[in-house]
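**Student:** Okay, handing you the structure first.
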Number of protein chains: 2
Amino acid sequence: MSLTRTEGGVERLSRFARRLLREWRRRGWPLRGEAALVAVSGGADSAALLLALAELSGTGALGVCLKAAHLDHGLRGERAREDARWVEGLARTLGLECVVGHAKVSELASARRDNLEQAARRARYEFLAAAAREAGARSVLVAHTLDDQAETVLLRLVRGSGAEGLAGMAAERVLDGPRAVDAGGGEVLLRRPLLAWARRADTEGYCRARGVEPRTDEMNEDEHFARVRVRRRLLPLLETFNPRAPEALARAASLLREDSEALDALAAALLEEARAGAEEAGEKGIAGDAWPLRVGVLAAASPAVRRRSLRLWLARARGDLRRLSHAHLVGVERLTEGTRGGRVAELPGGGRVERRRGLLHFRPGASGRGEDET
Amino acid sequence: MSLTRTEGGVERLSRFARRLLREWRRRGWPLRGEAALVAVSGGADSAALLLALAELSGTGALGVCLKAAHLDHGLRGERAREDARWVEGLARTLGLECVVGHAKVSELASARRDNLEQAARRARYEFLAAAAREAGARSVLVAHTLDDQAETVLLRLVRGSGAEGLAGMAAERVLDGPRAVDAGGGEVLLRRPLLAWARRADTEGYCRARGVEPRTDEMNEDEHFARVRVRRRLLPLLETFNPRAPEALARAASLLREDSEALDALAAALLEEARAGAEEAGEKGIAGDAWPLRVGVLAAASPAVRRRSLRLWLARARGDLRRLSHAHLVGVERLTEGTRGGRVAELPGGGRVERRRGLLHFRPGASGRGEDET
């Protein structure tokens with residue numbers, strides 16, 4: 001796509017901003033008329049994203065109403081307060097509003113039995129979703145780069161993911177579903193405008209060129225975190241095989257995402273087809289999503305689609321996929337083989353799947369849904 | 001699956017042979033009545049495979065008629081002749097026939113403009129296919145291990161493969177298609193009985209336990225080869241993240257293979273659906289596989305299936321996929337977007353794809369099929 005004069009001042013844009021604009025158009029995201037919240041930690045990636053969006057707004061190339069947002073996770077004391085002030089200062093310089101939130105992630109982690117990383121992530125996205133609704137923003141923009149994507153793919157690879165995991169992060173997904181009308185209605189979208197193209201060196205270089213010195217986070221240097229070791233040891237080794245290994249990983253992720261989306265659509269259709277009627281189910285009080293499935297329909301499908309169907313069925317029947325490992329899923333899948341009924345696959349948390357008279361039945365654990373949380 | 005006394009002496013089998021037998025059954029490969037050729041280089045993996053198959057035959061657990069096969073690639077002089085004698089000796093000890101072939105891989109590489117690795121691989125599989133036909137063997141058994149699979153996945157990952165490449169090696173594939181009746185008829189299958197489970201340490205340990213000292217190949221220590229660097233540097237680093245990283249990679253490969261197979265089947269069906277009739281094609285002399293495709297049908301499909309359809313179409317129309325990069329395929333795919341005709345995507349070797357009146361047309365290069373070989 002060539003840039004034209006009619007878009008206003010595009011020729012004078014920095015290369016970084018031009019690439020951001022190209023990606024924005026390629027994704028078909030609206031060029032004007034929307035409000036967007038930009039998540040800014042203060043690191044080089046998010047500072048570059050905010051700066052470049054402001055640059056595009058300034059020239060009129062992008063007519064999106066921008067607002068910065070920053071969460072103090074309550075983990076880094078005075079240093080975190082400095083980060084927040086720094087982000088507010090940057091936003092002010094750019095003539096943008098900034099909303100700062102405060103969380104107590106350690107307490108949330110204990111309360112929810114999450115690890116610190118999970119709890120921080122959850123707190124951050126909850127804050128961003130709420131702030132977006134408050135601001136009437138349709139989207140939250142986060143600054144994950146191509147390097148982050150490559151790191152995510154590698155982390156998932158060493159942990160044994162299939163295509164779903166190796167697809168990495170999505171460039172766009174729903175952050176928060178429809179709520180009550182008084183909470184603002186509509187979906188809030190999470191968008192990652194840097195994911196497909198920006199290298200970490202690009203964001204650092206652009207900040208430098210704009211005379212901005214981003215904040216640093218010592219956690220990014222702490223090799224106790226697997227992600228830091230991936231960044232500092234594994235990716236450099238992969239680059240000795242192919243200098244463009246991060247791009248190769250990101251491209252693989254994007255291809256596998258397309259594959260997963262196609263197979264997920266087929267799996268949802270297969271699930272509908274396999275769903276037995278109430279009469280065949282022969283029992284009352286089945287929860288809406290726990291209908292029995294016809295083994296014959298599942299057995300005729302390809303393994304890739306069948307596996308995804310069963311996972312979708314279990315996710316709906318159990319309420320989530322917590323603690324459900326690949327081995328559990330293989331156990332359920334085996335029930336669809338052969339002609340013998342009366343077999344059972346146990347699930348974590350006491351639930352199980354039974355094959356009986358050509359149907360798979362889901363049986364919740366003793367305490368029903370949510371049992372798997374214990 | 002539990003092992004029973006009726007299979008004959010299974011209790012006395014080594015753990016390695018028992019695992020091999022379990023995999024054999026899991027794949028549904030025939031337990032008796034077939035002849036199989038075992039490819040033996042003399043390294044620990046292939047020596048272990050031959051030893052374990054002989055062990056299973058000896059107890060009657062497996063009733064397959066075995067023959068060893070070894071190719072001297074003509075690359076290692078006296079050392080190679082020693083390897084061949086060693087393999088013949090091992091086979092003799094086990095009471096098995098051994099067929100030894102000789103190739104001049106350097107000359108083949110120059111003649112075919114392959115690199116040495118490709119030429120060696122090609123010569124080996126041609127020899128094995130011919131030897132299998134000669135021996136009336138239905139299958140050729142090769143000793144690739146789970147470690148080889150993990151290495152293959154990593155090599156393809158750093159080179160930017162999608163699911164097709166990341167699916168790694170198949171546990172079973174056709175090695176050689178039907179031939180003239182006098183050449184023996186039927187398909188020869190390539191099978192990899194160690195691929196899903198055997199670690200290199202397992203094959204080494206089993207050889208040791210059987211009192212056999214395998215041959216070593218100094219190429220396995222030469223870090224000029226990317227595969228050797230993957231084995232000696234990359235995999236050990238991945239194991240610091242997850243001690244079972246090789247297993248994780250092999251499992252990812254197996255899941256991605258299922259995904260690819262499901263999507264390939266859909267792509268073949270889409271291609272049939274998209275194929276325009278001779279009348280619409282509006283021209284004579286279209287080669288059988290180069291029929292124009294209806295853009296509308298392709299555009300309605302998911303990107304993952306559309307991409308595979310187009311690749312399949314181009315493979316058939318051009319005769320192969322040589323030099324066709326991902327970027328070329330993306331160029332062809334773009335032709336299916338929007339409503340505008342009169343567009344062209346150039347292919348390597350002078351061929352091209354044109355969009356005209358709702359159809360995609362393949363146009364071979366100046367010298368037609370095979371042009372891409374120049």
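Naming scheme: A, B, ... for chains in displayed order of the structure tokens; residues 1 onward per chain; ligands 1 onward as shown.
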Sorted by chain and rising residue number, list the residues of segment 127-175 of chain B at most 12 Å from segment 23-37 of chain B (counting only C-alpha atoms), each with its closest atom pair and distance in Å to one decimal, as a Markdown table.
**Tutor:**
```
| residue | atom | partner | partner_atom | distance |
| --- | --- | --- | --- | --- |
| B:Phe127 | CA | B:Leu37 | CA | 11.3 |
| B:Leu128 | CA | B:Leu37 | CA | 7.9 |
| B:Ala129 | CA | B:Leu37 | CA | 9.3 |
| B:Ala130 | CA | B:Leu37 | CA | 10.7 |
| B:Ala131 | CA | B:Leu37 | CA | 7.9 |
| B:Ala132 | CA | B:Leu37 | CA | 6.1 |
| B:Arg133 | CA | B:Leu37 | CA | 9.6 |
| B:Glu134 | CA | B:Leu37 | CA | 10.3 |
| B:Ala135 | CA | B:Leu37 | CA | 7.8 |
| B:Gly136 | CA | B:Ala35 | CA | 6.8 |
| B:Ala137 | CA | B:Ala35 | CA | 4.5 |
| B:Arg138 | CA | B:Ala35 | CA | 6.0 |
| B:Ser139 | CA | B:Ala36 | CA | 5.0 |
| B:Val140 | CA | B:Leu37 | CA | 4.7 |
| B:Leu141 | CA | B:Leu37 | CA | 6.1 |
| B:Val142 | CA | B:Leu37 | CA | 8.8 |
| B:Ala143 | CA | B:Leu37 | CA | 11.7 |
| B:Ala170 | CA | B:Arg27 | CA | 11.9 |
| B:Ala171 | CA | B:Arg27 | CA | 8.7 |
| B:Glu172 | CA | B:Arg27 | CA | 9.0 |
```
**Student:** Keeping only C-alpha atoms, write those residues as a CSV table (one decimal), in the first residue's frame.
**Tutor:**
```
chain,number,residue,atom,x,y,z
B,127,PHE,CA,19.2,-47.3,-2.5
B,128,LEU,CA,16.8,-48.3,0.3
B,129,ALA,CA,13.8,-48.2,-2.0
B,130,ALA,CA,15.5,-50.3,-4.7
B,131,ALA,CA,16.9,-52.8,-2.1
B,132,ALA,CA,13.4,-53.1,-0.5
B,133,ARG,CA,11.9,-54.0,-3.9
B,134,GLU,CA,14.7,-56.4,-4.6
B,135,ALA,CA,14.0,-58.1,-1.2
B,136,GLY,CA,10.3,-58.0,-1.6
B,137,ALA,CA,10.1,-55.9,1.5
B,138,ARG,CA,6.9,-53.9,2.2
B,139,SER,CA,8.7,-51.4,4.5
B,140,VAL,CA,12.1,-49.8,5.2
B,141,LEU,CA,12.7,-49.2,8.9
B,142,VAL,CA,15.0,-46.3,9.8
B,143,ALA,CA,16.3,-45.4,13.2
B,170,ALA,CA,6.5,-38.7,9.8
B,171,ALA,CA,6.5,-42.0,11.7
B,172,GLU,CA,5.3,-43.5,8.4
```
**Student:** Identify every residue of chain B that has at least one atom within 6 Å of any atom of chain A, counting only C-alpha atoms, and report the result as a list in words.
**Tutor:**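 Within 6 Å of chain A on chain B, we get Val158, Gly160, Gly162, Ala245, Ala248, Ala252, Leu255, Glu258, Asp259 and Ala304 of chain B.
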**Student:** List as a list in words the protein and nucleic acid residues near segment 324-332 of chain B, meaning an atom at most 10 Å away when only C-alpha atoms are counted, but skip any in the same chain fewer than 5 places from it.
**Tutor:**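 In the requested format, the answer is Gly160, Ser161, Gly162, Arg307, Arg308, Leu310, Arg311, Leu314, Ala315, Glu337, Arg343, Val344, Ala345, Glu346, Leu347, Pro348, Gly349, Arg352, Val353, Glu354, Arg355, Leu360 and Asp372 of chain B.
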**Student:** Under the rule that only C-alpha atoms are counted, which of A:Asp202, A:Asp176, A:Asp148, A:Glu97 is the nearest residue to Phe16 of chain A?
**Tutor:**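 Closest to Phe16 of chain A, using only C-alpha atoms: A:Asp202.
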**Student:** What separation in Å, quoted to one decimal, exists between atom CA of Arg210 of chain A and atom CA of Leu49 of chain A?
**Tutor:**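 The value is 12.0 Å.
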**Student:** As a PyMOL selection string, please: all residues of segment 1-198 of chain B that backbone DSSP puts in helix (DSSP H, G or I).
**Tutor:** chain B and resi 5-7+10-12+15-26+44-58+77-93+105-112+116-135+146-158+163-166+181-183
**Student:** Could you tell me how far atom CA of Arg232 of chain A sits from atom CA of Leu50 of chain A, in Å to one decimal place?
**Tutor:**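 Here the two named atoms are 25.8 Å from each other.
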**Student:** Where in segment 100-267 of chain B does DSSP assign strand (DSSP E), given as a list of chain:residue names?
**Tutor:**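 Strand (DSSP E) members of segment 100-267 of chain B, listed: B:Val100, B:Gly101, B:His102, B:Ser139, B:Val140, B:Leu141, B:Glu172, B:Arg173, B:Val174, B:Leu175, B:Asp176, B:Val188, B:Leu189, B:Leu190, B:Arg191.
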**Student:** Hey, what's within 9 Å of Thr203 of chain A if we count only C-alpha atoms and toss same-chain stuff fewer than 6 positions away? As a ChimeraX atom specification, please?
**Tutor:** /A:16,44-49,145
**Student:** Using Å and a single decimal, report how far atom CA of Thr339 of chain B sits from atom CA of Leu321 of chain B.
**Tutor:** 27.7 Å
